[in-house]
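Contents: one structure, followed by commentary.
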Amino acid sequence: MASKTLSYLGIFFCMMFLFEPLANGQLDYNFYDDLCPNLPMMVRWGVWAALRNDTRMAASLLRLHFHDCFVNGCDGSVLLDDTPNFKGEKNALPNRNSARGFEVIESIKADVERACPSIVSCADILALAAREAVILSEGPFWPVSLGRRDALTASTKAANEQLPTPFESLDNIVAKFASNGLDLRGVVVLSGAHTLGYAQCFTFKRRLFDFKGSGKPDPLLDASMVASLQATCPNVDESNSKLAPLDVQTVYKFDNAYYKNLMTNTGLLESDQALMGNPKTAEMVNFYSTYPYLYSRDFAASMVKLGNIGVLTGQDGQIRKKCGSVNYYY
């Protein structure tokens with residue numbers, strides 16, 4: 001335990017050095033030290049309790065943070081319920097009946113509000129929760145700069161347009177990452193988050209039965225995996241919402257098995273396996289399948305970049321009292 005703690009501290013100070021401009025700019029690693037010093041502990045406890053009840057929640061919280069940041073920045077907009085004034089992101093196609101963890105963030109927010117009323121944003125709580133979810137899944141630590149404020153609105157249209165989907169080409173996914181300041185390596189590194197969690201059958205079923213109108217399975221998908229998945233996801237509509245692990249080797253552990261799976265043609269999603277069809281991304285996949293420590297390092301660095309996309313600070317936005325609704329003042 002001591003050596004693991006020292007390892008996290010080493011990564012922390014290394015990341016602090018690498019990303020010093022971020023800490024000294026709009027956000028600050030010590031933003032809540034005086035006004036809400038126990039915030040990290042409260043978030044950590046809330047995430048731990050959630051994972052104790054539902055081991056899938058680690059992947060859900062990480063995905064929720066990603067989906068928040070990729071739609072108009074890390075502003076907590078993904079957490080907003082629909083209102084008469086706008087249709088939010090929860091029911092956008094990439095999130096409908098699949099995004100999870102809203103109640104976990106709301107529960108943590110309630111605890112934080114009791115201790116530090118109207119001080120901590122939902123966007124910051126979500127960013128911290130994503131990190132804790134990864135750490136509790138044996139993944140890497142990264143420093144989270146704080147001071148984000150919460151958006152006043154959300155957009156179904158923006159979520160539908162800006163979030164990558166499992167059905168898109170690699171070129172389209174790369175373009176969406178680039179629009180958020182993330183390069184090709186960022187695509188490969190952040191895709192590795194699929195070492196955690198599950199996917200619904202409808203997201204990959206076409207690979208099993210009628211790939212691109214051929215009437216046959218995807219020839220790139222390992223034959224034994226095809227047989228196993230066909231049993232889990234029979235070719236009927238009723239199976240669309242059934243679940244299969246994204247990484248069958250280590251379902252609840254954050255590691256580099258995702259890349260090893262791609263090397264053996266056992267990546268679940270077509271968009272994941274597509275990384276092997278591009279020479280540059282395939283080289284990175286091979287690298288990360290071989291060097292787990294370097295993957296952890298690069299994932300931590302990419303999460304710092306992700307968490308700083310399009311943040312609201314200063315007087316922009318607000319600090320919501322509840323994460324699912326905007327504060328209205330009359």
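Ordering of the structure tokens sets the chain letters (A, B, ...); residue numbers start at 1 within each chain; ligands are numbered from 1 in the order shown.
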
> If we count only C-alpha atoms, what is near Lys216 in chain A at a cut-off of 10 Å, once residues fewer than 6 positions away on the same chain are taken out, given as a list in words?
Replying inline: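 Residues near the query, excluding close chain neighbours: Arg206, Arg207, Leu208, Phe209 and Asp210 of chain A.
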
Output for the residues just chosen: C-alpha atoms as a short mmCIF file (atom, residue, chain, number, x, y, z; two decimals), in the first residue's frame:
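Writing the result to again37.cif gives the following:
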data_model
loop_
_atom_site.label_atom_id
_atom_site.label_comp_id
_atom_site.auth_asym_id
_atom_site.auth_seq_id
_atom_site.Cartn_x
_atom_site.Cartn_y
_atom_site.Cartn_z
CA ARG A 206 -24.24 -5.99 -37.05
CA ARG A 207 -20.73 -7.44 -36.65
CA LEU A 208 -22.28 -10.78 -35.68
CA PHE A 209 -24.82 -11.51 -38.39
CA ASP A 210 -24.88 -9.19 -41.39
#

So which residues touch range 107-118 of chain A within 12 Å, counting only C-alpha atoms, skipping near sequence neighbours fewer than 3 positions away, as a PDB file with N, CA, C and O atoms, in the first residue's frame?
ATOM      1  N   TYR A  32     -10.419  24.724  -3.977  1.00  0.00           N
ATOM      2  CA  TYR A  32     -11.353  24.591  -2.859  1.00  0.00           C
ATOM      3  C   TYR A  32     -10.656  24.366  -1.518  1.00  0.00           C
ATOM      4  O   TYR A  32     -11.328  24.045  -0.527  1.00  0.00           O
ATOM      5  N   ASP A  33      -9.360  24.526  -1.467  1.00  0.00           N
ATOM      6  CA  ASP A  33      -8.629  24.196  -0.246  1.00  0.00           C
ATOM      7  C   ASP A  33      -9.141  24.941   0.974  1.00  0.00           C
ATOM      8  O   ASP A  33      -9.185  24.386   2.080  1.00  0.00           O
ATOM      9  N   ASP A  34      -9.516  26.198   0.815  1.00  0.00           N
ATOM     10  CA  ASP A  34      -9.991  26.987   1.953  1.00  0.00           C
ATOM     11  C   ASP A  34     -11.491  26.852   2.172  1.00  0.00           C
ATOM     12  O   ASP A  34     -11.955  26.771   3.320  1.00  0.00           O
ATOM     13  N   LEU A  35     -12.268  26.820   1.091  1.00  0.00           N
ATOM     14  CA  LEU A  35     -13.725  26.861   1.203  1.00  0.00           C
ATOM     15  C   LEU A  35     -14.362  25.485   1.345  1.00  0.00           C
ATOM     16  O   LEU A  35     -15.468  25.370   1.883  1.00  0.00           O
ATOM     17  N   CYS A  36     -13.698  24.443   0.856  1.00  0.00           N
ATOM     18  CA  CYS A  36     -14.257  23.082   0.965  1.00  0.00           C
ATOM     19  C   CYS A  36     -13.115  22.069   0.991  1.00  0.00           C
ATOM     20  O   CYS A  36     -12.952  21.267   0.064  1.00  0.00           O
ATOM     21  N   PRO A  37     -12.319  22.091   2.053  1.00  0.00           N
ATOM     22  CA  PRO A  37     -11.096  21.280   2.084  1.00  0.00           C
ATOM     23  C   PRO A  37     -11.322  19.777   2.037  1.00  0.00           C
ATOM     24  O   PRO A  37     -10.434  19.023   1.629  1.00  0.00           O
ATOM     25  N   ASN A  38     -12.495  19.302   2.441  1.00  0.00           N
ATOM     26  CA  ASN A  38     -12.758  17.870   2.462  1.00  0.00           C
ATOM     27  C   ASN A  38     -13.408  17.351   1.185  1.00  0.00           C
ATOM     28  O   ASN A  38     -13.842  16.200   1.127  1.00  0.00           O
ATOM     29  N   LEU A  39     -13.471  18.204   0.153  1.00  0.00           N
ATOM     30  CA  LEU A  39     -14.131  17.805  -1.095  1.00  0.00           C
ATOM     31  C   LEU A  39     -13.579  16.501  -1.670  1.00  0.00           C
ATOM     32  O   LEU A  39     -14.363  15.597  -1.989  1.00  0.00           O
ATOM     33  N   PRO A  40     -12.254  16.360  -1.859  1.00  0.00           N
ATOM     34  CA  PRO A  40     -11.749  15.104  -2.456  1.00  0.00           C
ATOM     35  C   PRO A  40     -12.168  13.864  -1.663  1.00  0.00           C
ATOM     36  O   PRO A  40     -12.522  12.838  -2.246  1.00  0.00           O
ATOM     37  N   MET A  41     -12.166  13.965  -0.338  1.00  0.00           N
ATOM     38  CA  MET A  41     -12.546  12.827   0.493  1.00  0.00           C
ATOM     39  C   MET A  41     -14.031  12.499   0.314  1.00  0.00           C
ATOM     40  O   MET A  41     -14.415  11.318   0.237  1.00  0.00           O
ATOM     41  N   MET A  42     -14.867  13.526   0.230  1.00  0.00           N
ATOM     42  CA  MET A  42     -16.298  13.284   0.058  1.00  0.00           C
ATOM     43  C   MET A  42     -16.599  12.628  -1.287  1.00  0.00           C
ATOM     44  O   MET A  42     -17.426  11.713  -1.370  1.00  0.00           O
ATOM     45  N   VAL A  43     -15.914  13.081  -2.327  1.00  0.00           N
ATOM     46  CA  VAL A  43     -16.116  12.472  -3.644  1.00  0.00           C
ATOM     47  C   VAL A  43     -15.615  11.036  -3.642  1.00  0.00           C
ATOM     48  O   VAL A  43     -16.284  10.123  -4.137  1.00  0.00           O
ATOM     49  N   ARG A  44     -14.440  10.831  -3.052  1.00  0.00           N
ATOM     50  CA  ARG A  44     -13.869   9.478  -3.010  1.00  0.00           C
ATOM     51  C   ARG A  44     -14.806   8.517  -2.285  1.00  0.00           C
ATOM     52  O   ARG A  44     -15.045   7.391  -2.735  1.00  0.00           O
ATOM     53  N   TRP A  45     -15.353   8.957  -1.163  1.00  0.00           N
ATOM     54  CA  TRP A  45     -16.264   8.105  -0.391  1.00  0.00           C
ATOM     55  C   TRP A  45     -17.533   7.814  -1.197  1.00  0.00           C
ATOM     56  O   TRP A  45     -18.018   6.680  -1.222  1.00  0.00           O
ATOM     57  N   GLY A  46     -18.068   8.827  -1.856  1.00  0.00           N
ATOM     58  CA  GLY A  46     -19.279   8.635  -2.633  1.00  0.00           C
ATOM     59  C   GLY A  46     -19.095   7.659  -3.779  1.00  0.00           C
ATOM     60  O   GLY A  46     -19.968   6.819  -4.050  1.00  0.00           O
ATOM     61  N   VAL A  47     -17.958   7.746  -4.449  1.00  0.00           N
ATOM     62  CA  VAL A  47     -17.677   6.830  -5.557  1.00  0.00           C
ATOM     63  C   VAL A  47     -17.437   5.424  -5.026  1.00  0.00           C
ATOM     64  O   VAL A  47     -17.922   4.437  -5.600  1.00  0.00           O
ATOM     65  N   TRP A  48     -16.700   5.324  -3.937  1.00  0.00           N
ATOM     66  CA  TRP A  48     -16.451   4.001  -3.336  1.00  0.00           C
ATOM     67  C   TRP A  48     -17.773   3.325  -2.975  1.00  0.00           C
ATOM     68  O   TRP A  48     -17.974   2.132  -3.257  1.00  0.00           O
ATOM     69  N   ALA A  49     -18.679   4.054  -2.360  1.00  0.00           N
ATOM     70  CA  ALA A  49     -19.972   3.490  -1.981  1.00  0.00           C
ATOM     71  C   ALA A  49     -20.770   3.057  -3.210  1.00  0.00           C
ATOM     72  O   ALA A  49     -21.425   2.006  -3.204  1.00  0.00           O
ATOM     73  N   ALA A  50     -20.689   3.848  -4.274  1.00  0.00           N
ATOM     74  CA  ALA A  50     -21.414   3.508  -5.502  1.00  0.00           C
ATOM     75  C   ALA A  50     -20.861   2.239  -6.134  1.00  0.00           C
ATOM     76  O   ALA A  50     -21.625   1.372  -6.586  1.00  0.00           O
ATOM     77  N   LEU A  79     -25.601  16.549 -17.105  1.00  0.00           N
ATOM     78  CA  LEU A  79     -26.360  16.192 -15.907  1.00  0.00           C
ATOM     79  C   LEU A  79     -27.741  16.832 -15.863  1.00  0.00           C
ATOM     80  O   LEU A  79     -28.577  16.444 -15.040  1.00  0.00           O
ATOM     81  N   GLY A 101     -25.149   6.878 -13.845  1.00  0.00           N
ATOM     82  CA  GLY A 101     -24.359   7.508 -12.792  1.00  0.00           C
ATOM     83  C   GLY A 101     -24.873   8.862 -12.335  1.00  0.00           C
ATOM     84  O   GLY A 101     -24.288   9.475 -11.440  1.00  0.00           O
ATOM     85  N   PHE A 102     -25.972   9.312 -12.933  1.00  0.00           N
ATOM     86  CA  PHE A 102     -26.511  10.623 -12.562  1.00  0.00           C
ATOM     87  C   PHE A 102     -26.850  10.676 -11.072  1.00  0.00           C
ATOM     88  O   PHE A 102     -26.582  11.670 -10.396  1.00  0.00           O
ATOM     89  N   GLU A 103     -27.439   9.595 -10.574  1.00  0.00           N
ATOM     90  CA  GLU A 103     -27.852   9.582  -9.170  1.00  0.00           C
ATOM     91  C   GLU A 103     -26.647   9.567  -8.237  1.00  0.00           C
ATOM     92  O   GLU A 103     -26.707  10.076  -7.112  1.00  0.00           O
ATOM     93  N   VAL A 104     -25.525   9.006  -8.696  1.00  0.00           N
ATOM     94  CA  VAL A 104     -24.307   9.000  -7.885  1.00  0.00           C
ATOM     95  C   VAL A 104     -23.769  10.415  -7.736  1.00  0.00           C
ATOM     96  O   VAL A 104     -23.432  10.866  -6.631  1.00  0.00           O
ATOM     97  N   SER A 121     -18.962  23.162  -7.921  1.00  0.00           N
ATOM     98  CA  SER A 121     -19.785  22.910  -9.107  1.00  0.00           C
ATOM     99  C   SER A 121     -19.994  21.417  -9.342  1.00  0.00           C
ATOM    100  O   SER A 121     -19.187  20.574  -8.926  1.00  0.00           O
ATOM    101  N   CYS A 122     -21.069  21.113 -10.036  1.00  0.00           N
ATOM    102  CA  CYS A 122     -21.329  19.727 -10.436  1.00  0.00           C
ATOM    103  C   CYS A 122     -20.276  19.254 -11.437  1.00  0.00           C
ATOM    104  O   CYS A 122     -19.897  18.077 -11.440  1.00  0.00           O
ATOM    105  N   ALA A 123     -19.801  20.162 -12.283  1.00  0.00           N
ATOM    106  CA  ALA A 123     -18.779  19.813 -13.266  1.00  0.00           C
ATOM    107  C   ALA A 123     -17.496  19.356 -12.581  1.00  0.00           C
ATOM    108  O   ALA A 123     -16.853  18.391 -13.020  1.00  0.00           O
ATOM    109  N   ASP A 124     -17.127  20.035 -11.490  1.00  0.00           N
ATOM    110  CA  ASP A 124     -15.930  19.629 -10.746  1.00  0.00           C
ATOM    111  C   ASP A 124     -16.146  18.296 -10.043  1.00  0.00           C
ATOM    112  O   ASP A 124     -15.242  17.453  -9.997  1.00  0.00           O
ATOM    113  N   ILE A 125     -17.317  18.095  -9.483  1.00  0.00           N
ATOM    114  CA  ILE A 125     -17.604  16.822  -8.816  1.00  0.00           C
ATOM    115  C   ILE A 125     -17.521  15.673  -9.814  1.00  0.00           C
ATOM    116  O   ILE A 125     -16.938  14.623  -9.514  1.00  0.00           O
ATOM    117  N   LEU A 126     -18.050  15.865 -11.007  1.00  0.00           N
ATOM    118  CA  LEU A 126     -17.992  14.816 -12.027  1.00  0.00           C
ATOM    119  C   LEU A 126     -16.560  14.534 -12.449  1.00  0.00           C
ATOM    120  O   LEU A 126     -16.171  13.368 -12.620  1.00  0.00           O
ATOM    121  N   LEU A 128     -13.827  14.930 -10.647  1.00  0.00           N
ATOM    122  CA  LEU A 128     -13.174  14.210  -9.554  1.00  0.00           C
ATOM    123  C   LEU A 128     -13.691  12.776  -9.455  1.00  0.00           C
ATOM    124  O   LEU A 128     -12.923  11.842  -9.199  1.00  0.00           O
ATOM    125  N   ALA A 129     -14.987  12.590  -9.671  1.00  0.00           N
ATOM    126  CA  ALA A 129     -15.577  11.251  -9.574  1.00  0.00           C
ATOM    127  C   ALA A 129     -15.018  10.317 -10.636  1.00  0.00           C
ATOM    128  O   ALA A 129     -14.782   9.129 -10.375  1.00  0.00           O
ATOM    129  N   ARG A 149     -17.305  25.982 -13.580  1.00  0.00           N
ATOM    130  CA  ARG A 149     -18.661  26.356 -13.218  1.00  0.00           C
ATOM    131  C   ARG A 149     -19.642  25.609 -14.114  1.00  0.00           C
ATOM    132  O   ARG A 149     -19.255  25.042 -15.134  1.00  0.00           O
ATOM    133  N   ASP A 150     -20.895  25.594 -13.690  1.00  0.00           N
ATOM    134  CA  ASP A 150     -21.898  24.772 -14.354  1.00  0.00           C
ATOM    135  C   ASP A 150     -22.641  25.549 -15.444  1.00  0.00           C
ATOM    136  O   ASP A 150     -22.975  26.728 -15.270  1.00  0.00           O
ATOM    137  N   GLN A 318     -22.861  29.043 -13.441  1.00  0.00           N
ATOM    138  CA  GLN A 318     -23.279  29.157 -12.046  1.00  0.00           C
ATOM    139  C   GLN A 318     -22.809  27.944 -11.272  1.00  0.00           C
ATOM    140  O   GLN A 318     -22.254  26.993 -11.855  1.00  0.00           O
ATOM    141  N   ILE A 319     -23.020  27.961  -9.962  1.00  0.00           N
ATOM    142  CA  ILE A 319     -22.810  26.786  -9.117  1.00  0.00           C
ATOM    143  C   ILE A 319     -24.197  26.241  -8.796  1.00  0.00           C
ATOM    144  O   ILE A 319     -24.943  26.824  -8.005  1.00  0.00           O
ATOM    145  N   ARG A 320     -24.583  25.159  -9.436  1.00  0.00           N
ATOM    146  CA  ARG A 320     -25.922  24.618  -9.214  1.00  0.00           C
ATOM    147  C   ARG A 320     -26.067  24.069  -7.794  1.00  0.00           C
ATOM    148  O   ARG A 320     -25.124  23.496  -7.244  1.00  0.00           O
ATOM    149  N   LYS A 321     -27.268  24.193  -7.259  1.00  0.00           N
ATOM    150  CA  LYS A 321     -27.578  23.579  -5.966  1.00  0.00           C
ATOM    151  C   LYS A 321     -27.856  22.087  -6.139  1.00  0.00           C
ATOM    152  O   LYS A 321     -27.511  21.280  -5.286  1.00  0.00           O
ATOM    153  N   LYS A 322     -28.511  21.746  -7.253  1.00  0.00           N
ATOM    154  CA  LYS A 322     -28.737  20.359  -7.640  1.00  0.00           C
ATOM    155  C   LYS A 322     -28.238  20.189  -9.066  1.00  0.00           C
ATOM    156  O   LYS A 322     -28.454  21.056  -9.915  1.00  0.00           O
ATOM    157  N   CYS A 323     -27.612  19.054  -9.334  1.00  0.00           N
ATOM    158  CA  CYS A 323     -26.939  18.898 -10.626  1.00  0.00           C
ATOM    159  C   CYS A 323     -27.908  18.735 -11.790  1.00  0.00           C
ATOM    160  O   CYS A 323     -27.563  19.044 -12.930  1.00  0.00           O
ATOM    161  N   GLY A 324     -29.124  18.290 -11.511  1.00  0.00           N
ATOM    162  CA  GLY A 324     -30.074  18.054 -12.580  1.00  0.00           C
ATOM    163  C   GLY A 324     -30.866  19.271 -13.008  1.00  0.00           C
ATOM    164  O   GLY A 324     -31.632  19.200 -13.974  1.00  0.00           O
ATOM    165  N   ASN A 327     -30.212  26.730 -11.271  1.00  0.00           N
ATOM    166  CA  ASN A 327     -30.758  27.609 -10.236  1.00  0.00           C
ATOM    167  C   ASN A 327     -31.485  28.765 -10.909  1.00  0.00           C
ATOM    168  O   ASN A 327     -30.912  29.429 -11.772  1.00  0.00           O
TER     169      ASN A 327
END

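Summary of the local environment: counting only C-alpha atoms, residues at most 8 Å from Phe202 in chain A, other than itself and those fewer than 5 positions away along its chain, are A:Ser239, A:Asn240, A:Ser241.
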
>> Going by DSSP on the backbone, which residues of range 101-298 of chain A come out as strand (DSSP E)? List them as a count of residues only.
In response: 6

If we count only C-alpha atoms, what is near range 64-74 of chain A at a cut-off of 6 Å, once residues fewer than 6 positions away on the same chain are taken out, given as a PDB file with N, CA, C and O atoms, in the first residue's frame?
ATOM      1  N   ALA A 159     -25.223  17.160 -28.533  1.00  0.00           N
ATOM      2  CA  ALA A 159     -24.757  15.831 -28.132  1.00  0.00           C
ATOM      3  C   ALA A 159     -24.808  14.859 -29.300  1.00  0.00           C
ATOM      4  O   ALA A 159     -23.881  14.062 -29.506  1.00  0.00           O
ATOM      5  N   GLN A 162     -21.813  15.931 -31.656  1.00  0.00           N
ATOM      6  CA  GLN A 162     -20.435  16.028 -31.186  1.00  0.00           C
ATOM      7  C   GLN A 162     -19.883  14.764 -30.542  1.00  0.00           C
ATOM      8  O   GLN A 162     -18.666  14.589 -30.476  1.00  0.00           O
ATOM      9  N   ILE A 309     -11.291  20.903 -21.349  1.00  0.00           N
ATOM     10  CA  ILE A 309     -11.963  21.331 -22.586  1.00  0.00           C
ATOM     11  C   ILE A 309     -13.117  22.276 -22.252  1.00  0.00           C
ATOM     12  O   ILE A 309     -13.993  21.941 -21.458  1.00  0.00           O
ATOM     13  N   GLY A 310     -13.102  23.451 -22.832  1.00  0.00           N
ATOM     14  CA  GLY A 310     -14.236  24.366 -22.811  1.00  0.00           C
ATOM     15  C   GLY A 310     -14.823  24.683 -21.457  1.00  0.00           C
ATOM     16  O   GLY A 310     -16.047  24.820 -21.323  1.00  0.00           O
ATOM     17  N   VAL A 311     -13.985  24.820 -20.430  1.00  0.00           N
ATOM     18  CA  VAL A 311     -14.509  25.047 -19.085  1.00  0.00           C
ATOM     19  C   VAL A 311     -15.077  26.458 -18.930  1.00  0.00           C
ATOM     20  O   VAL A 311     -14.630  27.408 -19.581  1.00  0.00           O
TER      21      VAL A 311
END

>> Which of range 76-291 of chain A end up as helix (DSSP H, G or I) when DSSP is run on this backbone - answer as number ranges by chain?
In response: A: 77-79, 102-115, 122-135, 156-162, 170-178, 184-195, 201-203, 206-209, 211-213, 223-232, 237-239, 257-263, 270-277, 279-290

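Excluding Cys201 in chain A itself and any same-chain residue fewer than 5 positions from it, the protein and nucleic acid residues within 12 Å of it, counting only C-alpha atoms, are A:Ser98, A:Pro166, A:Arg206, A:Arg207, A:Leu208, A:Phe209, A:Leu229, A:Gln230, A:Ala231, A:Thr232, A:Cys233, A:Pro234, A:Asn235, A:Val236, A:Asp237, A:Glu238, A:Ser239, A:Asn240, A:Ser241, A:Lys242, A:Leu243, A:Ala244, A:Pro245, A:Leu246, A:Leu268, A:Leu269.
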
How about saving the chosen residues, N, CA and C atoms kept, as a short mmCIF file (atom, residue, chain, number, x, y, z; two decimals), in the first residue's frame?
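In the end it all went to part-v7.cif:
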data_model
loop_
_atom_site.label_atom_id
_atom_site.label_comp_id
_atom_site.auth_asym_id
_atom_site.auth_seq_id
_atom_site.Cartn_x
_atom_site.Cartn_y
_atom_site.Cartn_z
N SER A 98 -28.49 4.59 -21.85
CA SER A 98 -27.14 4.03 -21.69
C SER A 98 -26.27 4.85 -20.73
N PRO A 166 -20.18 4.23 -31.81
CA PRO A 166 -19.51 2.98 -32.23
C PRO A 166 -19.67 2.68 -33.71
N ARG A 206 -24.41 -5.83 -35.60
CA ARG A 206 -24.24 -5.99 -37.05
C ARG A 206 -22.93 -6.72 -37.38
N ARG A 207 -21.97 -6.70 -36.44
CA ARG A 207 -20.73 -7.44 -36.65
C ARG A 207 -20.94 -8.95 -36.55
N LEU A 208 -22.07 -9.37 -35.98
CA LEU A 208 -22.28 -10.78 -35.68
C LEU A 208 -23.07 -11.53 -36.75
N PHE A 209 -23.90 -10.80 -37.51
CA PHE A 209 -24.82 -11.51 -38.39
C PHE A 209 -24.82 -11.02 -39.84
N LEU A 229 -20.68 -14.32 -28.68
CA LEU A 229 -21.53 -13.14 -28.71
C LEU A 229 -22.89 -13.43 -29.35
N GLN A 230 -22.91 -14.31 -30.33
CA GLN A 230 -24.19 -14.68 -30.94
C GLN A 230 -25.11 -15.36 -29.92
N ALA A 231 -24.52 -16.10 -28.99
CA ALA A 231 -25.33 -16.72 -27.94
C ALA A 231 -25.86 -15.67 -26.97
N THR A 232 -25.04 -14.64 -26.69
CA THR A 232 -25.46 -13.56 -25.80
C THR A 232 -26.46 -12.63 -26.46
N CYS A 233 -26.23 -12.37 -27.74
CA CYS A 233 -27.02 -11.39 -28.49
C CYS A 233 -27.65 -12.04 -29.73
N PRO A 234 -28.66 -12.88 -29.55
CA PRO A 234 -29.30 -13.50 -30.73
C PRO A 234 -29.88 -12.43 -31.66
N ASN A 235 -30.05 -12.80 -32.91
CA ASN A 235 -30.44 -11.84 -33.93
C ASN A 235 -31.94 -11.54 -33.90
N VAL A 236 -32.38 -11.02 -32.75
CA VAL A 236 -33.77 -10.59 -32.57
C VAL A 236 -33.74 -9.25 -31.83
N ASP A 237 -34.74 -8.44 -32.06
CA ASP A 237 -34.76 -7.10 -31.47
C ASP A 237 -34.75 -7.14 -29.94
N GLU A 238 -35.32 -8.20 -29.38
CA GLU A 238 -35.40 -8.29 -27.92
C GLU A 238 -34.03 -8.34 -27.25
N SER A 239 -33.00 -8.68 -28.01
CA SER A 239 -31.67 -8.78 -27.41
C SER A 239 -30.88 -7.47 -27.48
N ASN A 240 -31.46 -6.44 -28.09
CA ASN A 240 -30.71 -5.21 -28.33
C ASN A 240 -30.14 -4.58 -27.07
N SER A 241 -30.86 -4.68 -25.98
CA SER A 241 -30.41 -4.02 -24.74
C SER A 241 -29.60 -4.94 -23.83
N LYS A 242 -29.39 -6.18 -24.24
CA LYS A 242 -28.53 -7.06 -23.44
C LYS A 242 -27.10 -6.54 -23.46
N LEU A 243 -26.30 -6.99 -22.49
CA LEU A 243 -24.96 -6.44 -22.30
C LEU A 243 -23.87 -7.47 -22.54
N ALA A 244 -22.75 -6.98 -23.05
CA ALA A 244 -21.53 -7.79 -23.18
C ALA A 244 -20.36 -6.94 -22.73
N PRO A 245 -19.36 -7.52 -22.07
CA PRO A 245 -18.22 -6.74 -21.59
C PRO A 245 -17.37 -6.21 -22.75
N LEU A 246 -16.94 -4.98 -22.63
CA LEU A 246 -16.06 -4.39 -23.63
C LEU A 246 -14.69 -5.07 -23.62
N LEU A 268 -14.52 -5.48 -29.04
CA LEU A 268 -15.96 -5.66 -29.17
C LEU A 268 -16.58 -4.72 -30.20
N LEU A 269 -16.27 -3.44 -30.12
CA LEU A 269 -16.89 -2.45 -30.98
C LEU A 269 -16.12 -2.30 -32.29
#

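Put simply, CA of Pro217 in chain A is 22.8 Å away from CA of Asp171 in chain A.
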
> From the set A:Trp142, A:Asn85, A:Val251, A:Phe211, which residue has the shortest atom-to-atom contact distance to Ala58 in chain A, counting only C-alpha atoms?
Replying inline: A:Val251

> Looking at only C-alpha atoms, which of A:Phe299, A:Thr55, A:Phe177, A:Met225 is the one that sits closest to Tyr198 in chain A?
Replying inline: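 The closest residue to Tyr198 in chain A is A:Thr55.
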
> To one decimal place, how far is CA of Gln26 in chain A from CA of Thr313 in chain A in Å?
Replying inline: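 Those two atoms sit 6.6 Å apart.
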
>> What does the structure give for the distance between CA of Leu163 in chain A and CA of Lys176 in chain A, in Å to one decimal?
In response: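 Taking CA of Leu163 in chain A as the start and CA of Lys176 in chain A as the end point, the length is 7.4 Å.
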
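Proximity to Gly192 in chain A was assessed for A:Glu89, A:Asp272, A:Glu168, A:Glu106 counting only C-alpha atoms; the smallest distance is recorded for A:Asp272.
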